[in-house]
Structure formats: structure tokens, C-alpha cells
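**Student:** Got a file for you: model-v8.pdb, PDB, C-alpha atoms.
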ATOM      1  CA  MET A  17      98.785 -41.162 -34.904  1.00  0.00           C
ATOM      2  CA  ALA A  18     100.553 -39.965 -31.744  1.00  0.00           C
ATOM      3  CA  LYS A  19      98.928 -40.824 -28.438  1.00  0.00           C
ATOM      4  CA  GLU A  20      97.083 -37.913 -26.853  1.00  0.00           C
ATOM      5  CA  ILE A  21      98.732 -36.598 -23.707  1.00  0.00           C
ATOM      6  CA  LYS A  22      96.171 -36.587 -20.916  1.00  0.00           C
ATOM      7  CA  THR A  23      98.318 -36.415 -17.771  1.00  0.00           C
ATOM      8  CA  ILE A  24     101.366 -34.206 -17.268  1.00  0.00           C
ATOM      9  CA  GLY A  25     103.935 -34.569 -14.508  1.00  0.00           C
ATOM     10  CA  VAL A  26     106.007 -31.642 -13.277  1.00  0.00           C
ATOM     11  CA  LEU A  27     109.123 -31.636 -11.110  1.00  0.00           C
ATOM     12  CA  THR A  28     111.923 -29.343 -10.009  1.00  0.00           C
ATOM     13  CA  SER A  29     115.403 -30.778  -9.730  1.00  0.00           C
ATOM     14  CA  GLY A  30     118.916 -29.714  -8.712  1.00  0.00           C
ATOM     15  CA  GLY A  31     119.537 -26.311  -7.162  1.00  0.00           C
ATOM     16  CA  ASP A  32     116.490 -24.159  -6.552  1.00  0.00           C
ATOM     17  CA  ALA A  33     116.145 -20.866  -8.399  1.00  0.00           C
ATOM     18  CA  PRO A  34     113.866 -17.840  -7.848  1.00  0.00           C
ATOM     19  CA  GLY A  35     110.929 -18.116 -10.223  1.00  0.00           C
ATOM     20  CA  MET A  36     110.540 -21.894 -10.087  1.00  0.00           C
ATOM     21  CA  ASN A  37     107.192 -21.577  -8.325  1.00  0.00           C
ATOM     22  CA  ALA A  38     105.941 -19.241 -11.027  1.00  0.00           C
ATOM     23  CA  ALA A  39     106.955 -21.862 -13.606  1.00  0.00           C
ATOM     24  CA  ILE A  40     105.176 -24.644 -11.676  1.00  0.00           C
ATOM     25  CA  ARG A  41     102.065 -22.472 -11.439  1.00  0.00           C
ATOM     26  CA  ALA A  42     102.140 -21.762 -15.171  1.00  0.00           C
ATOM     27  CA  VAL A  43     102.471 -25.450 -16.051  1.00  0.00           C
ATOM     28  CA  VAL A  44      99.646 -26.498 -13.714  1.00  0.00           C
ATOM     29  CA  ARG A  45      97.156 -23.819 -14.709  1.00  0.00           C
ATOM     30  CA  LYS A  46      97.878 -23.978 -18.443  1.00  0.00           C
ATOM     31  CA  ALA A  47      97.533 -27.764 -18.442  1.00  0.00           C
ATOM     32  CA  ILE A  48      94.257 -27.678 -16.499  1.00  0.00           C
ATOM     33  CA  ALA A  49      92.903 -24.951 -18.797  1.00  0.00           C
ATOM     34  CA  ASN A  50      93.547 -27.332 -21.688  1.00  0.00           C
ATOM     35  CA  GLY A  51      91.741 -30.224 -20.034  1.00  0.00           C
ATOM     36  CA  LYS A  52      94.802 -32.104 -18.820  1.00  0.00           C
ATOM     37  CA  GLN A  53      95.472 -33.652 -15.431  1.00  0.00           C
ATOM     38  CA  VAL A  54      98.624 -32.637 -13.561  1.00  0.00           C
ATOM     39  CA  LYS A  55     100.695 -34.646 -11.129  1.00  0.00           C
ATOM     40  CA  GLY A  56     103.347 -32.954  -9.048  1.00  0.00           C
ATOM     41  CA  ILE A  57     106.496 -34.962  -8.371  1.00  0.00           C
ATOM     42  CA  ARG A  58     108.083 -33.922  -5.087  1.00  0.00           C
ATOM     43  CA  LYS A  59     111.864 -33.828  -4.487  1.00  0.00           C
ATOM     44  CA  GLY A  60     112.892 -34.160  -8.125  1.00  0.00           C
ATOM     45  CA  TYR A  61     114.059 -37.477  -9.509  1.00  0.00           C
ATOM     46  CA  SER A  62     114.499 -38.802  -5.986  1.00  0.00           C
ATOM     47  CA  GLY A  63     110.783 -38.265  -5.381  1.00  0.00           C
ATOM     48  CA  LEU A  64     109.985 -39.886  -8.722  1.00  0.00           C
ATOM     49  CA  LEU A  65     111.814 -43.077  -7.740  1.00  0.00           C
ATOM     50  CA  ASN A  66     110.127 -43.024  -4.323  1.00  0.00           C
ATOM     51  CA  GLU A  67     106.747 -42.356  -5.953  1.00  0.00           C
ATOM     52  CA  GLU A  68     106.159 -39.092  -4.084  1.00  0.00           C
ATOM     53  CA  ILE A  69     103.568 -38.104  -6.663  1.00  0.00           C
ATOM     54  CA  ILE A  70     100.541 -35.936  -5.913  1.00  0.00           C
ATOM     55  CA  ASP A  71      97.543 -34.699  -7.894  1.00  0.00           C
ATOM     56  CA  MET A  72      97.627 -30.934  -8.424  1.00  0.00           C
ATOM     57  CA  THR A  73      94.777 -28.483  -8.947  1.00  0.00           C
ATOM     58  CA  ALA A  74      94.687 -24.777  -9.695  1.00  0.00           C
ATOM     59  CA  ASN A  75      94.158 -24.120  -5.968  1.00  0.00           C
ATOM     60  CA  ASP A  76      97.394 -25.928  -5.107  1.00  0.00           C
ATOM     61  CA  VAL A  77      99.415 -23.198  -6.827  1.00  0.00           C
ATOM     62  CA  SER A  78      97.448 -20.240  -5.461  1.00  0.00           C
ATOM     63  CA  ASN A  79      99.536 -17.653  -3.601  1.00  0.00           C
ATOM     64  CA  THR A  80     102.825 -19.258  -4.692  1.00  0.00           C
ATOM     65  CA  ILE A  81     104.006 -17.013  -7.521  1.00  0.00           C
ATOM     66  CA  GLN A  82     105.928 -14.651  -5.211  1.00  0.00           C
ATOM     67  CA  LYS A  83     107.550 -17.347  -3.071  1.00  0.00           C
ATOM     68  CA  GLY A  84     111.198 -18.345  -3.385  1.00  0.00           C
ATOM     69  CA  GLY A  85     112.468 -21.899  -3.538  1.00  0.00           C
ATOM     70  CA  THR A  86     110.128 -24.546  -4.903  1.00  0.00           C
ATOM     71  CA  ILE A  87     106.840 -25.790  -3.454  1.00  0.00           C
ATOM     72  CA  LEU A  88     107.589 -29.225  -4.950  1.00  0.00           C
ATOM     73  CA  PHE A  89     110.941 -29.306  -3.148  1.00  0.00           C
ATOM     74  CA  THR A  90     114.127 -30.498  -4.812  1.00  0.00           C
ATOM     75  CA  ALA A  91     116.935 -32.966  -4.232  1.00  0.00           C
ATOM     76  CA  ARG A  92     119.949 -34.581  -5.857  1.00  0.00           C
ATOM     77  CA  CYS A  93     119.593 -38.237  -6.848  1.00  0.00           C
ATOM     78  CA  LYS A  94     122.634 -40.408  -7.562  1.00  0.00           C
ATOM     79  CA  GLU A  95     120.433 -43.434  -8.175  1.00  0.00           C
ATOM     80  CA  PHE A  96     118.830 -41.723 -11.176  1.00  0.00           C
ATOM     81  CA  MET A  97     122.259 -41.398 -12.787  1.00  0.00           C
ATOM     82  CA  THR A  98     122.287 -45.185 -13.301  1.00  0.00           C
ATOM     83  CA  GLU A  99     120.529 -47.042 -16.127  1.00  0.00           C
ATOM     84  CA  GLU A 100     118.546 -49.022 -13.557  1.00  0.00           C
ATOM     85  CA  GLY A 101     117.332 -45.832 -11.866  1.00  0.00           C
ATOM     86  CA  GLN A 102     116.370 -44.259 -15.180  1.00  0.00           C
ATOM     87  CA  GLN A 103     114.472 -47.361 -16.259  1.00  0.00           C
ATOM     88  CA  MET A 104     112.652 -47.421 -12.922  1.00  0.00           C
ATOM     89  CA  GLY A 105     111.742 -43.747 -13.322  1.00  0.00           C
ATOM     90  CA  ALA A 106     110.225 -44.381 -16.747  1.00  0.00           C
ATOM     91  CA  GLU A 107     108.243 -47.359 -15.441  1.00  0.00           C
ATOM     92  CA  ILE A 108     106.902 -45.310 -12.512  1.00  0.00           C
ATOM     93  CA  CYS A 109     105.754 -42.578 -14.910  1.00  0.00           C
ATOM     94  CA  LYS A 110     103.819 -45.190 -16.899  1.00  0.00           C
ATOM     95  CA  LYS A 111     102.448 -46.753 -13.701  1.00  0.00           C
ATOM     96  CA  HIS A 112     100.956 -43.407 -12.629  1.00  0.00           C
ATOM     97  CA  GLY A 113      99.626 -42.661 -16.105  1.00  0.00           C
ATOM     98  CA  ILE A 114     102.040 -39.768 -16.732  1.00  0.00           C
ATOM     99  CA  ASP A 115     102.138 -39.266 -20.505  1.00  0.00           C
ATOM    100  CA  GLY A 116     104.559 -36.343 -20.445  1.00  0.00           C
ATOM    101  CA  ILE A 117     106.786 -34.670 -17.892  1.00  0.00           C
ATOM    102  CA  VAL A 118     107.962 -31.075 -17.489  1.00  0.00           C
ATOM    103  CA  VAL A 119     111.391 -30.820 -15.853  1.00  0.00           C
ATOM    104  CA  ILE A 120     112.331 -27.445 -14.364  1.00  0.00           C
ATOM    105  CA  GLY A 121     116.046 -27.284 -13.599  1.00  0.00           C
ATOM    106  CA  GLY A 122     119.600 -26.956 -14.864  1.00  0.00           C
ATOM    107  CA  ASP A 123     121.959 -29.026 -16.985  1.00  0.00           C
ATOM    108  CA  GLY A 124     121.956 -32.058 -14.670  1.00  0.00           C
ATOM    109  CA  SER A 125     118.168 -32.056 -14.599  1.00  0.00           C
ATOM    110  CA  PHE A 126     118.071 -31.859 -18.385  1.00  0.00           C
ATOM    111  CA  LYS A 127     120.380 -34.870 -18.684  1.00  0.00           C
ATOM    112  CA  GLY A 128     117.876 -36.820 -16.615  1.00  0.00           C
ATOM    113  CA  ALA A 129     115.030 -35.584 -18.820  1.00  0.00           C
ATOM    114  CA  GLN A 130     116.947 -36.703 -21.891  1.00  0.00           C
ATOM    115  CA  LYS A 131     117.292 -40.181 -20.429  1.00  0.00           C
ATOM    116  CA  LEU A 132     113.545 -40.361 -19.770  1.00  0.00           C
ATOM    117  CA  ALA A 133     112.866 -39.213 -23.328  1.00  0.00           C
ATOM    118  CA  GLY A 134     115.049 -42.035 -24.591  1.00  0.00           C
ATOM    119  CA  LEU A 135     112.890 -44.467 -22.633  1.00  0.00           C
ATOM    120  CA  GLY A 136     109.657 -43.300 -24.250  1.00  0.00           C
ATOM    121  CA  ILE A 137     108.513 -40.566 -21.837  1.00  0.00           C
ATOM    122  CA  ASN A 138     107.592 -37.261 -23.514  1.00  0.00           C
ATOM    123  CA  THR A 139     109.691 -34.564 -21.846  1.00  0.00           C
ATOM    124  CA  ILE A 140     109.979 -30.786 -21.891  1.00  0.00           C
ATOM    125  CA  GLY A 141     112.819 -28.940 -20.163  1.00  0.00           C
ATOM    126  CA  VAL A 142     112.255 -25.504 -18.631  1.00  0.00           C
ATOM    127  CA  PRO A 143     115.673 -23.915 -17.909  1.00  0.00           C
ATOM    128  CA  GLY A 144     115.827 -22.979 -14.232  1.00  0.00           C
ATOM    129  CA  THR A 145     119.279 -22.099 -12.895  1.00  0.00           C
ATOM    130  CA  ILE A 146     120.890 -18.939 -11.560  1.00  0.00           C
ATOM    131  CA  ASP A 147     124.077 -19.786 -13.489  1.00  0.00           C
ATOM    132  CA  LEU A 148     122.674 -19.096 -16.999  1.00  0.00           C
ATOM    133  CA  ASP A 149     124.671 -22.097 -18.208  1.00  0.00           C
ATOM    134  CA  ILE A 150     122.014 -23.789 -20.351  1.00  0.00           C
ATOM    135  CA  SER A 151     122.702 -23.749 -24.082  1.00  0.00           C
ATOM    136  CA  CYS A 152     120.104 -22.732 -26.675  1.00  0.00           C
ATOM    137  CA  THR A 153     118.441 -20.177 -24.372  1.00  0.00           C
ATOM    138  CA  GLU A 154     119.294 -16.543 -23.713  1.00  0.00           C
ATOM    139  CA  TYR A 155     117.835 -16.440 -20.215  1.00  0.00           C
ATOM    140  CA  THR A 156     117.205 -18.902 -17.404  1.00  0.00           C
ATOM    141  CA  ILE A 157     114.791 -18.763 -14.469  1.00  0.00           C
ATOM    142  CA  GLY A 158     116.567 -17.297 -11.432  1.00  0.00           C
ATOM    143  CA  PHE A 159     119.453 -15.527 -13.167  1.00  0.00           C
ATOM    144  CA  ASP A 160     118.012 -12.003 -12.998  1.00  0.00           C
ATOM    145  CA  THR A 161     117.198 -12.315  -9.294  1.00  0.00           C
ATOM    146  CA  ALA A 162     120.658 -13.713  -8.553  1.00  0.00           C
ATOM    147  CA  VAL A 163     122.345 -10.785 -10.290  1.00  0.00           C
ATOM    148  CA  ASN A 164     120.211  -8.175  -8.521  1.00  0.00           C
ATOM    149  CA  THR A 165     120.697  -9.807  -5.112  1.00  0.00           C
ATOM    150  CA  ALA A 166     124.474  -9.906  -5.597  1.00  0.00           C
ATOM    151  CA  MET A 167     124.528  -6.290  -6.826  1.00  0.00           C
ATOM    152  CA  GLN A 168     122.832  -5.046  -3.667  1.00  0.00           C
ATOM    153  CA  ALA A 169     125.369  -6.837  -1.480  1.00  0.00           C
ATOM    154  CA  ILE A 170     128.306  -5.592  -3.562  1.00  0.00           C
ATOM    155  CA  ASP A 171     127.097  -1.975  -3.281  1.00  0.00           C
ATOM    156  CA  LYS A 172     127.237  -2.251   0.509  1.00  0.00           C
ATOM    157  CA  VAL A 173     130.694  -3.826   0.495  1.00  0.00           C
ATOM    158  CA  ARG A 174     131.938  -1.153  -1.887  1.00  0.00           C
ATOM    159  CA  ASP A 175     130.819   1.646   0.460  1.00  0.00           C
ATOM    160  CA  THR A 176     132.941   0.165   3.252  1.00  0.00           C
ATOM    161  CA  SER A 177     135.897  -0.559   0.952  1.00  0.00           C
ATOM    162  CA  THR A 178     135.886   3.037  -0.278  1.00  0.00           C
ATOM    163  CA  SER A 179     135.710   4.393   3.270  1.00  0.00           C
ATOM    164  CA  HIS A 180     138.782   2.382   4.282  1.00  0.00           C
ATOM    165  CA  GLU A 181     140.607   2.888   0.957  1.00  0.00           C
ATOM    166  CA  ARG A 182     140.768  -0.823   0.369  1.00  0.00           C
ATOM    167  CA  CYS A 183     140.239  -3.144  -2.566  1.00  0.00           C
ATOM    168  CA  SER A 184     137.763  -5.960  -1.956  1.00  0.00           C
ATOM    169  CA  ILE A 185     137.523  -9.209  -3.882  1.00  0.00           C
ATOM    170  CA  ILE A 186     133.917 -10.380  -4.198  1.00  0.00           C
ATOM    171  CA  GLU A 187     133.115 -13.994  -5.027  1.00  0.00           C
ATOM    172  CA  VAL A 188     129.737 -14.855  -6.520  1.00  0.00           C
ATOM    173  CA  MET A 189     128.134 -18.122  -7.567  1.00  0.00           C
ATOM    174  CA  GLY A 190     128.001 -19.465 -11.103  1.00  0.00           C
ATOM    175  CA  ARG A 191     129.949 -22.710 -10.988  1.00  0.00           C
ATOM    176  CA  ASN A 192     131.820 -22.993 -14.318  1.00  0.00           C
ATOM    177  CA  ALA A 193     130.027 -20.061 -15.955  1.00  0.00           C
ATOM    178  CA  GLY A 194     131.032 -16.457 -15.347  1.00  0.00           C
ATOM    179  CA  TYR A 195     127.771 -14.728 -16.234  1.00  0.00           C
ATOM    180  CA  ILE A 196     126.803 -13.585 -12.720  1.00  0.00           C
ATOM    181  CA  ALA A 197     130.333 -12.275 -12.147  1.00  0.00           C
ATOM    182  CA  LEU A 198     130.365 -10.539 -15.543  1.00  0.00           C
ATOM    183  CA  TRP A 199     126.986  -8.837 -15.174  1.00  0.00           C
ATOM    184  CA  CYS A 200     127.637  -7.787 -11.564  1.00  0.00           C
ATOM    185  CA  GLY A 201     131.157  -6.629 -12.379  1.00  0.00           C
ATOM    186  CA  ILE A 202     129.917  -4.366 -15.168  1.00  0.00           C
ATOM    187  CA  ALA A 203     126.903  -3.062 -13.224  1.00  0.00           C
ATOM    188  CA  ASN A 204     128.864  -2.421 -10.010  1.00  0.00           C
ATOM    189  CA  GLY A 205     131.914  -0.897 -11.714  1.00  0.00           C
ATOM    190  CA  ALA A 206     134.501  -3.530 -10.786  1.00  0.00           C
ATOM    191  CA  GLU A 207     138.155  -2.804 -11.568  1.00  0.00           C
ATOM    192  CA  ASP A 208     138.460  -6.252 -13.097  1.00  0.00           C
ATOM    193  CA  ILE A 209     136.459  -9.458 -13.307  1.00  0.00           C
ATOM    194  CA  LEU A 210     137.891 -12.915 -12.740  1.00  0.00           C
ATOM    195  CA  LEU A 211     136.046 -15.247 -15.105  1.00  0.00           C
ATOM    196  CA  PRO A 212     136.695 -18.951 -15.651  1.00  0.00           C
ATOM    197  CA  GLU A 213     136.374 -18.220 -19.386  1.00  0.00           C
ATOM    198  CA  ASN A 214     139.108 -15.556 -19.186  1.00  0.00           C
ATOM    199  CA  TYR A 215     141.617 -15.864 -16.351  1.00  0.00           C
ATOM    200  CA  ASP A 216     141.254 -19.615 -15.821  1.00  0.00           C
ATOM    201  CA  TYR A 217     140.986 -19.120 -12.032  1.00  0.00           C
ATOM    202  CA  ASP A 218     144.416 -17.445 -11.827  1.00  0.00           C
ATOM    203  CA  GLU A 219     143.808 -14.965  -8.980  1.00  0.00           C
ATOM    204  CA  GLN A 220     147.413 -13.747  -8.994  1.00  0.00           C
ATOM    205  CA  GLU A 221     147.150 -12.642 -12.612  1.00  0.00           C
ATOM    206  CA  ILE A 222     144.134 -10.452 -11.921  1.00  0.00           C
ATOM    207  CA  ILE A 223     145.859  -8.972  -8.827  1.00  0.00           C
ATOM    208  CA  ASN A 224     148.948  -8.147 -10.892  1.00  0.00           C
ATOM    209  CA  ASN A 225     146.795  -6.456 -13.538  1.00  0.00           C
ATOM    210  CA  ILE A 226     145.045  -4.272 -10.945  1.00  0.00           C
ATOM    211  CA  ILE A 227     148.354  -3.267  -9.340  1.00  0.00           C
ATOM    212  CA  GLU A 228     149.878  -2.494 -12.746  1.00  0.00           C
ATOM    213  CA  ARG A 229     146.998  -0.175 -13.692  1.00  0.00           C
ATOM    214  CA  ALA A 230     147.086   1.539 -10.301  1.00  0.00           C
ATOM    215  CA  TYR A 231     150.651   2.655 -10.809  1.00  0.00           C
TER     216      TYR A 231
END
So that I can check it, write out the structure of this file as C-alpha cells.

**Tutor:**
Amino acid sequence: MAKEIKTIGVLTSGGDAPGMNAAIRAVVRKAIANGKQVKGIRKGYSGLLNEEIIDMTANDVSNTIQKGGTILFTARCKEFMTEEGQQMGAEICKKHGIDGIVVIGGDGSFKGAQKLAGLGINTIGVPGTIDLDISCTEYTIGFDTAVNTAMQAIDKVRDTSTSHERCSIIEVMGRNAGYIALWCGIANGAEDILLPENYDYDEQEIINNIIERAY
């Protein structure tokens, strides 16, 4: 019979994304409602290795749902990319009585969660990244806010570009995924959209296409 999970750890890792605090709040309050203890791990995997682990109550996540960033903070951790670091992380979880851990983050964070799972720590991944580049999910925490924030900025730039009869090239985030660019391009009425999945970063090709259509 599987061991009952009594204590859950929660951490945010990698780049922060709007909505992470709402996810932390949901994990904490749902766990407590089901009679579980919750330990917050500050600064992602770096905080795990440094044992920056705190007990969390329902009051600790009050008035946080509307805040950006992450109340648990976040950081990159090269040490956790090594087998020694991963083994240490698993041992620290067991030392603090953490039976399962909820990892809120992107693909790098999920790789770390997978390593912990392989070392006997129950893990759940909650996709949190503005890039929408996590497979097996249609939506990630932070993507909608990122698109809407970029759209507002693009609208303002477009007003000025139109006034001066100029063409502006807008660069948005997304790393190797073009979802933010695609959604903003469609919503803002872009003449063309340079996507890594389409133009392979060839800016001159997209410029030539725009000029060709203009004449």
C-alpha cells in the first residue's frame, strides 16, 4: 500500500510568471483543507539545497492572489543540474519530512522535478511560463497576461508608427517558441510575424516579403 502523503512542499523555479502566487495559494489552501501540512521552499531548487524551507499556513497566502512575481521567490540553480545536487535535494526533502513536492515553473523546472521523481520524491508539475512552451498542456500560467501586456504596448507603438508613416518591428519574449508573437501579431494586425517555427530568425526574408506586398 502506498505511503500516505502528509507533508507537501511547494516551490517556484526559473522565470517568474503572473499567476504564480495564485497557484501557490491554491496549493497551500487545498492541502490544508485536506489535512496536509505545507512547507514553502524559497528560491526554487537553490533554496531547497540551502534548506530555505518554511512552514506555511492559510494566513501566509492571504492577500497574495493579485500580486505579480512569486512570494516564494525564484532563482536559477546550476548545482541542481548535477547528479550530486539532485541527490542532495532528494535527501533534504526526506530530512524535512516532505512526502511530495509541487513544482511551479517551466521546462527547466520540470526537468528538475523529473529528477526528484526518479529519486523517490512524489512530484507534481504546474506549468508556469509566459512562453507557453510546455508540452501536454494547452495553457500555461502567465501566458495570457504576457500577451495582453504586450498588446497594450504594441497599440501605443502602432499609433506613433502610423502618425509618422513608418513600419515598426516589435520584438516580444518567448525564447524558442513563437506563441506570444503569433497571438500578438494576429490581435494587433501585424503585416507579418517573424516566428522561429516559420522564418528561422531570418529578418531579411520577412522584410523582403513586406516590401514585395507593399508594391

**Student:** With only C-alpha atoms as the counted atoms, please give the residues lying no more than 9 Å from Asn164 in chain A, apart from itself and same-chain residues fewer than 5 positions off, as a ChimeraX atom specification.

**Tutor:** /A:159,169,200

**Student:** Please work out which residues fall within 12 Å of (144.6, -2.9, -9.3), coordinates as given in the file, with only C-alpha atoms counting, and return them as a PyMOL selection string.

**Tutor:** chain A and resi 182-185+206-209+220-231

**Student:** Suppose a student applies the PyMOL selection byres ((chain A and resi 26) around 8) to this structure; what residues should they get, written as a count of residues only?

**Tutor:** 14

**Student:** Mind pulling up the distance from CA of Ala49 in chain A to CA of Lys110 in chain A?

**Tutor:**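 Here the two named atoms are 23.1 Å from each other.
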
**Student:** For Arg45 in chain A, work out the shell of residues within 8 Å, counting all atoms listed in the file and skipping chain neighbours fewer than 4 positions away, then give it as a list in words.

**Tutor:** Arg41, Ala49, Thr73 and Ala74 of chain A

**Student:** Would you kindly return, as a ChimeraX atom specification, each protein, DNA or RNA residue with an atom no farther than 10 Å from any atom of Gly63 in chain A, considering all atoms listed in the file and excluding same-chain residues fewer than 2 positions away?

**Tutor:** /A:27,29,56-61,65-69,88-93,105

**Student:** Pull the neighbourhood of (107.1, -36.2, -25.9) for me: all residues within 9 Å in file coordinates, counting only C-alpha atoms, as an mmCIF file with C-alpha atoms, in the coordinates of the input.

**Tutor:**
data_model
loop_
_atom_site.group_PDB
_atom_site.id
_atom_site.type_symbol
_atom_site.label_atom_id
_atom_site.label_comp_id
_atom_site.auth_asym_id
_atom_site.auth_seq_id
_atom_site.Cartn_x
_atom_site.Cartn_y
_atom_site.Cartn_z
ATOM 1 C CA ILE A 21 98.732 -36.598 -23.707
ATOM 2 C CA ASP A 115 102.138 -39.266 -20.505
ATOM 3 C CA GLY A 116 104.559 -36.343 -20.445
ATOM 4 C CA ILE A 117 106.786 -34.670 -17.892
ATOM 5 C CA ALA A 133 112.866 -39.213 -23.328
ATOM 6 C CA GLY A 136 109.657 -43.300 -24.250
ATOM 7 C CA ILE A 137 108.513 -40.566 -21.837
ATOM 8 C CA ASN A 138 107.592 -37.261 -23.514
ATOM 9 C CA THR A 139 109.691 -34.564 -21.846
ATOM 10 C CA ILE A 140 109.979 -30.786 -21.891
#

**Student:** Would you translate the PyMOL selection byres ((chain A and resi 151) around 12) into the concrete set of residues it matches in this file, as a list in words?

**Tutor:**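 The output of the PyMOL selection byres ((chain A and resi 151) around 12) on this file is Gly122, Asp123, Phe126, Gly141, Val142, Pro143, Thr145, Asp147, Leu148, Asp149, Ile150, Cys152, Thr153, Glu154, Tyr155, Thr156 and Ala193 of chain A.
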
**Student:** Take the selection from the previous step and output its residues with C-alpha atoms, as a compact mmCIF listing (two decimals), in the coordinates of the input.

**Tutor:**
# COMPACT_ATOMS: atom_id res chain seq x y z
CA GLY A 122 119.60 -26.96 -14.86
CA ASP A 123 121.96 -29.03 -16.98
CA PHE A 126 118.07 -31.86 -18.39
CA GLY A 141 112.82 -28.94 -20.16
CA VAL A 142 112.26 -25.50 -18.63
CA PRO A 143 115.67 -23.92 -17.91
CA THR A 145 119.28 -22.10 -12.90
CA ASP A 147 124.08 -19.79 -13.49
CA LEU A 148 122.67 -19.10 -17.00
CA ASP A 149 124.67 -22.10 -18.21
CA ILE A 150 122.01 -23.79 -20.35
CA CYS A 152 120.10 -22.73 -26.68
CA THR A 153 118.44 -20.18 -24.37
CA GLU A 154 119.29 -16.54 -23.71
CA TYR A 155 117.84 -16.44 -20.22
CA THR A 156 117.20 -18.90 -17.40
CA ALA A 193 130.03 -20.06 -15.96

**Student:** Any idea what the distance is between CA of Gly144 in chain A and CA of Asp32 in chain A?

**Tutor:** 7.8 Å

**Student:** With all atoms listed in the file as the atoms that count, which of A:Ala129, A:Met97, A:Leu210, A:Ile186 lies nearest to Met167 in chain A?

**Tutor:**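 Among the listed residues, A:Ile186 lies closest to Met167 in chain A.
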
**Student:** Tell me which residues the PyMOL selection byres ((chain A and resi 195) around 10) grabs here, as an NGL selection string.

**Tutor:** :A and (146-149 or 159 or 163 or 188-194 or 196-201 or 211-213)

**Student:** I'd like to know which of A:Thr80, A:Thr176, A:Thr86, A:Gln102 is closest to Pro34 in chain A, using all atoms listed in the file.

**Tutor:**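 Distance minimum relative to Pro34 in chain A lands on A:Thr86.
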